[in-house]
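K.L.:
Take a look at this one; I'll ask things after.
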Amino acid sequence: MINTMEHLILLALVLPLVTGAFIMTQSGLKSIRLINLAGSSLLSLVLGVLVFQVATTGVIHYGQLYGKIYIDQLSAVMLLVVAVLNFTAALFSLSYMEQELEEGHASLKMLKRYYGLFNLFVFTMVCVTVAENMGMLWVAVEATTLSSALLVAFYFDRAALEAAWKYVMVCTVGICLALLGTILMYYAQVNVGVTDGQALSWLALKAVSDKLDPGMIKLAFVFILIGYGTKVGLAPMHTWLPDAHSQAPSPVSGLLSGALLSCALYAIIRTVIIVKGAVGADFPEHFLTGFGLLSIIIAVPFILVQHDLKRLLAYSSIEHMGLITLGVGIGTPLATYGALLHIINHAITKSALFYLAGAIIQFYGTKHIMRIKGLVSAAPAMGAMFIAVVLAIAGLPPFSIFYSKFTIVWAAFQMGNPWLGAGILLLMAAIFAGMIYYTLSMGFGSVPHRLAGEHRLGRTSLTAVSASLMIMLATGIYLPAWLDTLLTQAVAIVIGGGQ
């Protein structure tokens, strides 16, 4: 069985590269679409098998080069996110990019580049989740920046290039700080004599964490938190995120918001586990709580006064990343469980919301919220889905996000900090009001005269969004036993009681 799993890990790493390279050799639209869908579907299936295997039988590891490829329950949570979003984004891309081609916003050459970069981007995110070595983890996170920046700049107009440039510059500064923190962590490891074949091995660092120099580890953590926190979009390092998300093709925006931000947060969580062993839980948890709360606070006014639909959703992502960080910062098993569950819930919900936003923008020809009216009348299926997904992201039951949000807030009260819990509720109420106000404004009212006929979502777009909605509803009603087990075991790793 282990041998089979090793082959599946290698297949998961090779498949997106082969799919992307094969697409670049094609000259027909039909073959490009078919190859990408087949490759993405197979990759998501392989990742799903790996996740289920870890949930039911335990850790999978492979190789020794620069630290093992390593998938534990915490890694599996992130792999699950990548698996689901890789499939839904690839499926939605078929109709969305075909529409872009028909409207003249993209050419066949651009389409090949899109699908090639799409698969490269997915490959880098898979690498983030399976890297056991903290140095290789840094390389993989940096690779996600380089591959996704080209997707942000996909249309190569002034706004897209400016957003991509800002994304690369801000995140490069952040990733350099993360590198400095990683170097300091290596220096602390060297000082306790753990270097031979184990340099920056996460398992080795965790094993000797109680012997690491506390001062050095604290300094390393600050650099790593600010560095990777820039990529997460934590305030005040969030400035690149609204521009990048608003300019990228909508399937890419879904991947950026749902998977990329979570991958960077995963790197922080891996670091926190080592830091807790070296200096105790209070130091990292205070920082995480502070940055998480600040991110939610910063998101509120921008959501309330927003005019651009995709920027609205981008600021919503900042809020949710802040909430997840806050949950990890609270540090109790309940809060950590809620935070990890919220990573999954937010990824699936927000990606579906970006997909729908892209379809709405294509239909209305504008991102301006005030120019989008009568969505329910003009496009009943799309309008109903959009309202449902907004209600989900706002945290209404029976959607799954309600339960992960409630778990984090309840954990804040349970730890004896009612002011923190009440503050989170107040901020979320303000964000809920803003999201609902804009949704009702777009959903109802008179349909613009320039729109002729009833709009229908493409078949693959409808399938992608419907699948996300079904997952949100299903997991809101019942959480599968294997997923609950996976999350519980991942919590044990984060708080220090697991492998």
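Ordering of the structure tokens sets the chain letters (A, B, ...), residue numbers begin anew at 1 in every chain, and ligands are numbered from 1 in the order given.
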Quick one: residues within 12 Å of Tyr438 in chain A, only C-alpha atoms, excluding same-chain residues fewer than 2 positions away - as a ChimeraX atom specification?
P.N.:
/A:303-309,312-313,368-373,375,386-387,390-391,431-436,440-444
K.L.:
When DSSP is applied to the backbone of this structure, which of range 293-424 of chain A are assigned helix (DSSP H, G or I)? Write them out as an mmCIF file with N, CA and C atoms, in the first residue's frame.
P.N.:
data_model
loop_
_atom_site.group_PDB
_atom_site.id
_atom_site.type_symbol
_atom_site.label_atom_id
_atom_site.label_comp_id
_atom_site.auth_asym_id
_atom_site.auth_seq_id
_atom_site.Cartn_x
_atom_site.Cartn_y
_atom_site.Cartn_z
ATOM 1 N N LEU A 293 -7.257 39.856 14.037
ATOM 2 C CA LEU A 293 -8.280 40.848 14.387
ATOM 3 C C LEU A 293 -8.116 42.117 13.567
ATOM 4 N N LEU A 294 -6.876 42.565 13.370
ATOM 5 C CA LEU A 294 -6.629 43.757 12.572
ATOM 6 C C LEU A 294 -7.106 43.564 11.131
ATOM 7 N N SER A 295 -6.919 42.380 10.583
ATOM 8 C CA SER A 295 -7.346 42.110 9.205
ATOM 9 C C SER A 295 -8.859 42.206 9.069
ATOM 10 N N ILE A 296 -9.584 41.684 10.050
ATOM 11 C CA ILE A 296 -11.045 41.772 10.012
ATOM 12 C C ILE A 296 -11.487 43.233 10.107
ATOM 13 N N ILE A 297 -10.847 43.986 11.013
ATOM 14 C CA ILE A 297 -11.197 45.399 11.195
ATOM 15 C C ILE A 297 -10.935 46.199 9.926
ATOM 16 N N ILE A 298 -9.784 45.972 9.304
ATOM 17 C CA ILE A 298 -9.421 46.694 8.081
ATOM 18 C C ILE A 298 -10.397 46.387 6.947
ATOM 19 N N ALA A 299 -10.871 45.143 6.876
ATOM 20 C CA ALA A 299 -11.759 44.743 5.771
ATOM 21 C C ALA A 299 -13.118 45.425 5.845
ATOM 22 N N VAL A 300 -13.596 45.726 7.051
ATOM 23 C CA VAL A 300 -14.962 46.235 7.227
ATOM 24 C C VAL A 300 -15.248 47.500 6.416
ATOM 25 N N PRO A 301 -14.490 48.608 6.601
ATOM 26 C CA PRO A 301 -14.845 49.827 5.853
ATOM 27 C C PRO A 301 -14.738 49.665 4.343
ATOM 28 N N PHE A 302 -13.777 48.872 3.871
ATOM 29 C CA PHE A 302 -13.621 48.691 2.427
ATOM 30 C C PHE A 302 -14.768 47.875 1.836
ATOM 31 N N ILE A 303 -15.328 46.960 2.610
ATOM 32 C CA ILE A 303 -16.500 46.213 2.151
ATOM 33 C C ILE A 303 -17.733 47.111 2.132
ATOM 34 N N LEU A 304 -17.859 47.968 3.124
ATOM 35 C CA LEU A 304 -19.047 48.818 3.235
ATOM 36 C C LEU A 304 -19.120 49.893 2.163
ATOM 37 N N LEU A 309 -17.078 44.821 -7.907
ATOM 38 C CA LEU A 309 -17.568 43.534 -7.423
ATOM 39 C C LEU A 309 -16.434 42.605 -6.994
ATOM 40 N N LYS A 310 -15.402 42.476 -7.813
ATOM 41 C CA LYS A 310 -14.330 41.545 -7.475
ATOM 42 C C LYS A 310 -13.459 42.071 -6.333
ATOM 43 N N ARG A 311 -13.317 43.376 -6.224
ATOM 44 C CA ARG A 311 -12.593 43.937 -5.072
ATOM 45 C C ARG A 311 -13.381 43.715 -3.781
ATOM 46 N N LEU A 312 -14.707 43.768 -3.880
ATOM 47 C CA LEU A 312 -15.550 43.467 -2.725
ATOM 48 C C LEU A 312 -15.266 42.060 -2.212
ATOM 49 N N LEU A 313 -15.197 41.120 -3.134
ATOM 50 C CA LEU A 313 -14.926 39.737 -2.743
ATOM 51 C C LEU A 313 -13.497 39.568 -2.233
ATOM 52 N N ALA A 314 -12.569 40.357 -2.778
ATOM 53 C CA ALA A 314 -11.178 40.297 -2.318
ATOM 54 C C ALA A 314 -11.073 40.755 -0.865
ATOM 55 N N TYR A 315 -11.766 41.844 -0.524
ATOM 56 C CA TYR A 315 -11.735 42.310 0.869
ATOM 57 C C TYR A 315 -12.447 41.316 1.789
ATOM 58 N N SER A 316 -13.440 40.613 1.260
ATOM 59 C CA SER A 316 -14.066 39.551 2.032
ATOM 60 C C SER A 316 -13.057 38.441 2.335
ATOM 61 N N SER A 317 -12.166 38.168 1.381
ATOM 62 C CA SER A 317 -11.116 37.165 1.605
ATOM 63 C C SER A 317 -10.165 37.600 2.714
ATOM 64 N N ILE A 318 -9.839 38.883 2.753
ATOM 65 C CA ILE A 318 -8.984 39.402 3.824
ATOM 66 C C ILE A 318 -9.651 39.164 5.173
ATOM 67 N N GLU A 319 -10.965 39.418 5.238
ATOM 68 C CA GLU A 319 -11.704 39.184 6.480
ATOM 69 C C GLU A 319 -11.625 37.724 6.897
ATOM 70 N N HIS A 320 -11.839 36.820 5.954
ATOM 71 C CA HIS A 320 -11.867 35.394 6.290
ATOM 72 C C HIS A 320 -10.478 34.868 6.650
ATOM 73 N N MET A 321 -9.440 35.341 5.964
ATOM 74 C CA MET A 321 -8.088 34.949 6.347
ATOM 75 C C MET A 321 -7.758 35.459 7.752
ATOM 76 N N GLY A 322 -8.253 36.657 8.055
ATOM 77 C CA GLY A 322 -8.077 37.189 9.408
ATOM 78 C C GLY A 322 -8.778 36.336 10.442
ATOM 79 N N LEU A 323 -9.985 35.878 10.108
ATOM 80 C CA LEU A 323 -10.739 35.045 11.042
ATOM 81 C C LEU A 323 -10.045 33.701 11.276
ATOM 82 N N ILE A 324 -9.521 33.103 10.214
ATOM 83 C CA ILE A 324 -8.795 31.830 10.363
ATOM 84 C C ILE A 324 -7.545 32.028 11.213
ATOM 85 N N THR A 325 -6.802 33.098 10.924
ATOM 86 C CA THR A 325 -5.591 33.404 11.707
ATOM 87 C C THR A 325 -5.939 33.627 13.163
ATOM 88 N N LEU A 326 -7.042 34.318 13.393
ATOM 89 C CA LEU A 326 -7.517 34.553 14.756
ATOM 90 C C LEU A 326 -7.839 33.233 15.451
ATOM 91 N N GLY A 327 -8.469 32.313 14.724
ATOM 92 C CA GLY A 327 -8.785 31.008 15.304
ATOM 93 C C GLY A 327 -7.535 30.247 15.711
ATOM 94 N N VAL A 328 -6.506 30.273 14.840
ATOM 95 C CA VAL A 328 -5.232 29.625 15.178
ATOM 96 C C VAL A 328 -4.588 30.343 16.363
ATOM 97 N N GLY A 329 -4.758 31.675 16.410
ATOM 98 C CA GLY A 329 -4.181 32.458 17.504
ATOM 99 C C GLY A 329 -4.839 32.185 18.843
ATOM 100 N N ILE A 330 -6.139 31.943 18.854
ATOM 101 C CA ILE A 330 -6.816 31.593 20.104
ATOM 102 C C ILE A 330 -6.203 30.321 20.679
ATOM 103 N N PRO A 333 -8.102 23.703 21.240
ATOM 104 C CA PRO A 333 -8.473 22.675 20.251
ATOM 105 C C PRO A 333 -9.737 23.037 19.470
ATOM 106 N N LEU A 334 -10.729 23.617 20.150
ATOM 107 C CA LEU A 334 -11.975 23.989 19.482
ATOM 108 C C LEU A 334 -11.737 25.077 18.438
ATOM 109 N N ALA A 335 -10.973 26.102 18.804
ATOM 110 C CA ALA A 335 -10.697 27.202 17.880
ATOM 111 C C ALA A 335 -9.874 26.721 16.687
ATOM 112 N N THR A 336 -8.895 25.854 16.950
ATOM 113 C CA THR A 336 -8.062 25.334 15.869
ATOM 114 C C THR A 336 -8.874 24.459 14.924
ATOM 115 N N TYR A 337 -9.769 23.662 15.480
ATOM 116 C CA TYR A 337 -10.661 22.850 14.652
ATOM 117 C C TYR A 337 -11.504 23.762 13.758
ATOM 118 N N GLY A 338 -12.065 24.813 14.355
ATOM 119 C CA GLY A 338 -12.869 25.757 13.585
ATOM 120 C C GLY A 338 -12.069 26.444 12.497
ATOM 121 N N ALA A 339 -10.819 26.791 12.802
ATOM 122 C CA ALA A 339 -9.964 27.471 11.826
ATOM 123 C C ALA A 339 -9.653 26.562 10.641
ATOM 124 N N LEU A 340 -9.303 25.300 10.911
ATOM 125 C CA LEU A 340 -8.983 24.367 9.823
ATOM 126 C C LEU A 340 -10.222 24.047 8.990
ATOM 127 N N LEU A 341 -11.365 23.893 9.657
ATOM 128 C CA LEU A 341 -12.609 23.676 8.922
ATOM 129 C C LEU A 341 -12.955 24.897 8.080
ATOM 130 N N HIS A 342 -12.668 26.076 8.605
ATOM 131 C CA HIS A 342 -12.982 27.309 7.874
ATOM 132 C C HIS A 342 -12.085 27.480 6.649
ATOM 133 N N ILE A 343 -10.862 26.962 6.711
ATOM 134 C CA ILE A 343 -9.995 26.978 5.524
ATOM 135 C C ILE A 343 -10.689 26.253 4.372
ATOM 136 N N ILE A 344 -11.258 25.079 4.655
ATOM 137 C CA ILE A 344 -11.943 24.305 3.625
ATOM 138 C C ILE A 344 -13.216 25.012 3.174
ATOM 139 N N ASN A 345 -14.018 25.444 4.142
ATOM 140 C CA ASN A 345 -15.299 26.078 3.816
ATOM 141 C C ASN A 345 -15.120 27.363 3.013
ATOM 142 N N HIS A 346 -14.182 28.201 3.451
ATOM 143 C CA HIS A 346 -13.952 29.458 2.745
ATOM 144 C C HIS A 346 -13.458 29.205 1.334
ATOM 145 N N ALA A 347 -12.559 28.252 1.180
ATOM 146 C CA ALA A 347 -11.992 27.975 -0.142
ATOM 147 C C ALA A 347 -13.080 27.587 -1.138
ATOM 148 N N ILE A 348 -13.949 26.681 -0.748
ATOM 149 C CA ILE A 348 -14.996 26.208 -1.663
ATOM 150 C C ILE A 348 -16.027 27.303 -1.927
ATOM 151 N N THR A 349 -16.406 28.023 -0.881
ATOM 152 C CA THR A 349 -17.441 29.053 -1.025
ATOM 153 C C THR A 349 -16.934 30.254 -1.800
ATOM 154 N N LYS A 350 -15.766 30.760 -1.440
ATOM 155 C CA LYS A 350 -15.266 31.967 -2.086
ATOM 156 C C LYS A 350 -14.895 31.707 -3.540
ATOM 157 N N SER A 351 -14.377 30.533 -3.838
ATOM 158 C CA SER A 351 -14.072 30.231 -5.239
ATOM 159 C C SER A 351 -15.351 30.243 -6.072
ATOM 160 N N ALA A 352 -16.429 29.647 -5.543
ATOM 161 C CA ALA A 352 -17.708 29.655 -6.264
ATOM 162 C C ALA A 352 -18.216 31.081 -6.455
ATOM 163 N N LEU A 353 -17.993 31.926 -5.462
ATOM 164 C CA LEU A 353 -18.435 33.320 -5.551
ATOM 165 C C LEU A 353 -17.651 34.077 -6.620
ATOM 166 N N PHE A 354 -16.355 33.827 -6.710
ATOM 167 C CA PHE A 354 -15.556 34.460 -7.766
ATOM 168 C C PHE A 354 -15.957 33.937 -9.145
ATOM 169 N N TYR A 355 -16.274 32.642 -9.238
ATOM 170 C CA TYR A 355 -16.727 32.104 -10.521
ATOM 171 C C TYR A 355 -17.988 32.839 -10.985
ATOM 172 N N LEU A 356 -18.946 32.963 -10.073
ATOM 173 C CA LEU A 356 -20.195 33.639 -10.423
ATOM 174 C C LEU A 356 -19.963 35.109 -10.746
ATOM 175 N N ALA A 357 -19.071 35.738 -9.996
ATOM 176 C CA ALA A 357 -18.758 37.143 -10.268
ATOM 177 C C ALA A 357 -18.208 37.299 -11.684
ATOM 178 N N GLY A 358 -17.368 36.357 -12.105
ATOM 179 C CA GLY A 358 -16.828 36.408 -13.462
ATOM 180 C C GLY A 358 -17.916 36.284 -14.512
ATOM 181 N N ALA A 359 -18.863 35.366 -14.286
ATOM 182 C CA ALA A 359 -19.973 35.198 -15.229
ATOM 183 C C ALA A 359 -20.860 36.443 -15.266
ATOM 184 N N ILE A 360 -21.089 37.042 -14.106
ATOM 185 C CA ILE A 360 -21.901 38.265 -14.038
ATOM 186 C C ILE A 360 -21.221 39.410 -14.788
ATOM 187 N N ILE A 361 -19.925 39.543 -14.595
ATOM 188 C CA ILE A 361 -19.166 40.610 -15.270
ATOM 189 C C ILE A 361 -19.182 40.406 -16.783
ATOM 190 N N GLN A 362 -19.059 39.173 -17.225
ATOM 191 C CA GLN A 362 -19.147 38.897 -18.661
ATOM 192 C C GLN A 362 -20.522 39.293 -19.206
ATOM 193 N N PHE A 363 -21.566 38.998 -18.459
ATOM 194 C CA PHE A 363 -22.928 39.271 -18.907
ATOM 195 C C PHE A 363 -23.233 40.769 -18.944
ATOM 196 N N TYR A 364 -22.859 41.481 -17.888
ATOM 197 C CA TYR A 364 -23.173 42.912 -17.783
ATOM 198 C C TYR A 364 -22.114 43.797 -18.423
ATOM 199 N N ILE A 369 -20.579 47.725 -9.251
ATOM 200 C CA ILE A 369 -21.740 47.158 -8.573
ATOM 201 C C ILE A 369 -23.012 47.937 -8.883
ATOM 202 N N MET A 370 -22.923 49.249 -8.934
ATOM 203 C CA MET A 370 -24.108 50.068 -9.149
ATOM 204 C C MET A 370 -24.677 49.933 -10.559
ATOM 205 N N ARG A 371 -23.912 49.375 -11.483
ATOM 206 C CA ARG A 371 -24.400 49.187 -12.851
ATOM 207 C C ARG A 371 -24.949 47.775 -13.089
ATOM 208 N N LEU A 375 -30.400 41.163 -11.602
ATOM 209 C CA LEU A 375 -29.731 39.913 -11.927
ATOM 210 C C LEU A 375 -30.692 38.724 -11.879
ATOM 211 N N VAL A 376 -31.574 38.711 -10.896
ATOM 212 C CA VAL A 376 -32.499 37.589 -10.749
ATOM 213 C C VAL A 376 -33.468 37.515 -11.926
ATOM 214 N N SER A 377 -33.859 38.681 -12.445
ATOM 215 C CA SER A 377 -34.775 38.704 -13.589
ATOM 216 C C SER A 377 -34.049 38.386 -14.893
ATOM 217 N N ALA A 378 -32.850 38.940 -15.059
ATOM 218 C CA ALA A 378 -32.117 38.779 -16.317
ATOM 219 C C ALA A 378 -31.479 37.401 -16.444
ATOM 220 N N PRO A 380 -32.027 34.172 -14.089
ATOM 221 C CA PRO A 380 -32.586 33.573 -12.865
ATOM 222 C C PRO A 380 -31.680 32.564 -12.174
ATOM 223 N N ALA A 381 -31.094 31.627 -12.942
ATOM 224 C CA ALA A 381 -30.254 30.594 -12.323
ATOM 225 C C ALA A 381 -29.006 31.211 -11.708
ATOM 226 N N MET A 382 -28.354 32.080 -12.464
ATOM 227 C CA MET A 382 -27.140 32.722 -11.976
ATOM 228 C C MET A 382 -27.448 33.626 -10.783
ATOM 229 N N GLY A 383 -28.573 34.372 -10.867
ATOM 230 C CA GLY A 383 -28.940 35.259 -9.772
ATOM 231 C C GLY A 383 -29.238 34.506 -8.495
ATOM 232 N N ALA A 384 -29.989 33.400 -8.615
ATOM 233 C CA ALA A 384 -30.326 32.605 -7.434
ATOM 234 C C ALA A 384 -29.078 32.000 -6.809
ATOM 235 N N MET A 385 -28.174 31.500 -7.656
ATOM 236 C CA MET A 385 -26.929 30.926 -7.147
ATOM 237 C C MET A 385 -26.073 31.982 -6.473
ATOM 238 N N PHE A 386 -26.009 33.165 -7.080
ATOM 239 C CA PHE A 386 -25.190 34.237 -6.510
ATOM 240 C C PHE A 386 -25.691 34.622 -5.124
ATOM 241 N N ILE A 387 -26.996 34.791 -4.986
ATOM 242 C CA ILE A 387 -27.559 35.150 -3.683
ATOM 243 C C ILE A 387 -27.294 34.042 -2.670
ATOM 244 N N ALA A 388 -27.448 32.786 -3.094
ATOM 245 C CA ALA A 388 -27.218 31.660 -2.184
ATOM 246 C C ALA A 388 -25.768 31.612 -1.708
ATOM 247 N N VAL A 389 -24.833 31.825 -2.623
ATOM 248 C CA VAL A 389 -23.412 31.744 -2.242
ATOM 249 C C VAL A 389 -23.015 32.941 -1.383
ATOM 250 N N VAL A 390 -23.595 34.123 -1.639
ATOM 251 C CA VAL A 390 -23.326 35.276 -0.775
ATOM 252 C C VAL A 390 -23.847 35.008 0.635
ATOM 253 N N LEU A 391 -25.042 34.439 0.740
ATOM 254 C CA LEU A 391 -25.566 34.077 2.061
ATOM 255 C C LEU A 391 -24.654 33.071 2.748
ATOM 256 N N ALA A 392 -24.078 32.169 1.958
ATOM 257 C CA ALA A 392 -23.152 31.182 2.522
ATOM 258 C C ALA A 392 -21.889 31.855 3.047
ATOM 259 N N ILE A 393 -21.277 32.722 2.228
ATOM 260 C CA ILE A 393 -20.026 33.359 2.648
ATOM 261 C C ILE A 393 -20.254 34.318 3.815
ATOM 262 N N ALA A 394 -21.497 34.839 3.916
ATOM 263 C CA ALA A 394 -21.823 35.728 5.034
ATOM 264 C C ALA A 394 -22.039 34.965 6.329
ATOM 265 N N SER A 400 -22.088 25.469 5.364
ATOM 266 C CA SER A 400 -21.010 24.986 6.232
ATOM 267 C C SER A 400 -20.217 26.104 6.896
ATOM 268 N N ILE A 401 -20.116 27.257 6.244
ATOM 269 C CA ILE A 401 -19.318 28.344 6.830
ATOM 270 C C ILE A 401 -19.916 28.817 8.153
ATOM 271 N N PHE A 402 -21.220 28.735 8.306
ATOM 272 C CA PHE A 402 -21.848 29.128 9.566
ATOM 273 C C PHE A 402 -21.230 28.372 10.735
ATOM 274 N N TYR A 403 -21.011 27.084 10.559
ATOM 275 C CA TYR A 403 -20.539 26.246 11.658
ATOM 276 C C TYR A 403 -19.069 26.509 11.984
ATOM 277 N N SER A 404 -18.248 26.737 10.973
ATOM 278 C CA SER A 404 -16.839 27.039 11.268
ATOM 279 C C SER A 404 -16.697 28.428 11.885
ATOM 280 N N LYS A 405 -17.485 29.397 11.407
ATOM 281 C CA LYS A 405 -17.470 30.731 12.025
ATOM 282 C C LYS A 405 -17.946 30.647 13.472
ATOM 283 N N PHE A 406 -19.055 29.957 13.677
ATOM 284 C CA PHE A 406 -19.614 29.827 15.018
ATOM 285 C C PHE A 406 -18.627 29.146 15.958
ATOM 286 N N THR A 407 -17.921 28.148 15.458
ATOM 287 C CA THR A 407 -16.945 27.425 16.285
ATOM 288 C C THR A 407 -15.832 28.344 16.760
ATOM 289 N N ILE A 408 -15.316 29.190 15.866
ATOM 290 C CA ILE A 408 -14.244 30.122 16.241
ATOM 291 C C ILE A 408 -14.744 31.146 17.253
ATOM 292 N N VAL A 409 -15.928 31.704 16.999
ATOM 293 C CA VAL A 409 -16.488 32.707 17.932
ATOM 294 C C VAL A 409 -16.781 32.069 19.290
ATOM 295 N N TRP A 410 -17.359 30.889 19.266
ATOM 296 C CA TRP A 410 -17.666 30.204 20.526
ATOM 297 C C TRP A 410 -16.379 29.900 21.299
ATOM 298 N N ALA A 411 -15.318 29.554 20.581
ATOM 299 C CA ALA A 411 -14.033 29.289 21.238
ATOM 300 C C ALA A 411 -13.497 30.539 21.915
ATOM 301 N N ALA A 412 -13.727 31.720 21.305
ATOM 302 C CA ALA A 412 -13.283 32.976 21.924
ATOM 303 C C ALA A 412 -14.013 33.214 23.249
ATOM 304 N N PHE A 413 -15.317 32.948 23.270
ATOM 305 C CA PHE A 413 -16.074 33.075 24.524
ATOM 306 C C PHE A 413 -15.640 32.009 25.528
ATOM 307 N N GLN A 414 -15.425 30.801 25.028
ATOM 308 C CA GLN A 414 -15.093 29.676 25.904
ATOM 309 C C GLN A 414 -13.757 29.865 26.612
ATOM 310 N N PRO A 418 -14.818 37.288 26.612
ATOM 311 C CA PRO A 418 -16.088 37.675 25.977
ATOM 312 C C PRO A 418 -15.962 38.917 25.111
ATOM 313 N N TRP A 419 -15.026 39.813 25.450
ATOM 314 C CA TRP A 419 -14.858 41.033 24.646
ATOM 315 C C TRP A 419 -14.365 40.695 23.245
ATOM 316 N N LEU A 420 -13.467 39.720 23.156
ATOM 317 C CA LEU A 420 -12.993 39.300 21.840
ATOM 318 C C LEU A 420 -14.120 38.665 21.040
ATOM 319 N N GLY A 421 -14.874 37.778 21.679
ATOM 320 C CA GLY A 421 -15.992 37.137 20.997
ATOM 321 C C GLY A 421 -17.036 38.142 20.548
ATOM 322 N N ALA A 422 -17.379 39.084 21.420
ATOM 323 C CA ALA A 422 -18.368 40.101 21.072
ATOM 324 C C ALA A 422 -17.863 41.005 19.957
ATOM 325 N N GLY A 423 -16.569 41.324 20.003
ATOM 326 C CA GLY A 423 -15.980 42.164 18.958
ATOM 327 C C GLY A 423 -16.033 41.494 17.596
ATOM 328 N N ILE A 424 -15.724 40.195 17.561
ATOM 329 C CA ILE A 424 -15.784 39.452 16.301
ATOM 330 C C ILE A 424 -17.210 39.441 15.765
#
K.L.:
Would you kindly return, as an MDAnalysis selection string, each protein, DNA or RNA residue with an atom no farther than 10 Å from any atom of Phe154 in chain A, considering only C-alpha atoms and excluding same-chain residues fewer than 5 positions away?
P.N.:
chainID A and resid 106 110:111 113:114 117 148:149 160:161 164 247:249 252
K.L.:
Keeping C-alpha atoms, export the residues of the selection given above as a PDB file, in the first residue's frame.
P.N.:
ATOM      1  CA  ALA A 106      -8.571  36.387 -25.499  1.00  0.00           C
ATOM      2  CA  MET A 110      -3.610  33.316 -24.918  1.00  0.00           C
ATOM      3  CA  LEU A 111      -5.850  30.372 -24.093  1.00  0.00           C
ATOM      4  CA  ARG A 113      -0.874  30.166 -22.158  1.00  0.00           C
ATOM      5  CA  TYR A 114      -3.725  30.348 -19.657  1.00  0.00           C
ATOM      6  CA  LEU A 117       0.091  28.524 -16.428  1.00  0.00           C
ATOM      7  CA  SER A 148       0.251  33.139 -10.447  1.00  0.00           C
ATOM      8  CA  ALA A 149       1.667  36.597 -11.269  1.00  0.00           C
ATOM      9  CA  ALA A 160      -3.610  43.885 -15.222  1.00  0.00           C
ATOM     10  CA  LEU A 161       0.084  44.688 -15.590  1.00  0.00           C
ATOM     11  CA  ALA A 164       0.713  41.955 -11.373  1.00  0.00           C
ATOM     12  CA  GLN A 247      -7.681  41.783 -12.514  1.00  0.00           C
ATOM     13  CA  ALA A 248      -7.083  38.041 -12.812  1.00  0.00           C
ATOM     14  CA  PRO A 249      -9.472  35.844 -14.825  1.00  0.00           C
ATOM     15  CA  VAL A 252      -7.805  32.237 -11.226  1.00  0.00           C
TER      16      VAL A 252
END
K.L.:
Write out as a list in words which residues come within 10 Å of Ala267 in chain A when counting only C-alpha atoms, dropping same-chain ones fewer than 4 positions away.
P.N.:
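Counting only the stated atoms, we get Val128, Thr129, Met134, Leu137, Trp138, Val141, Ala178, Ile224, Leu225, Tyr228, Gly229, Val232, Ser262, Cys263, Thr271 and Val272 of chain A.
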K.L.:
Lys68 in chain A: which residues within 6 Å, counting only C-alpha atoms, same-chain residues fewer than 5 positions away excluded, as number ranges by chain?
P.N.:
A: 62-63, 132
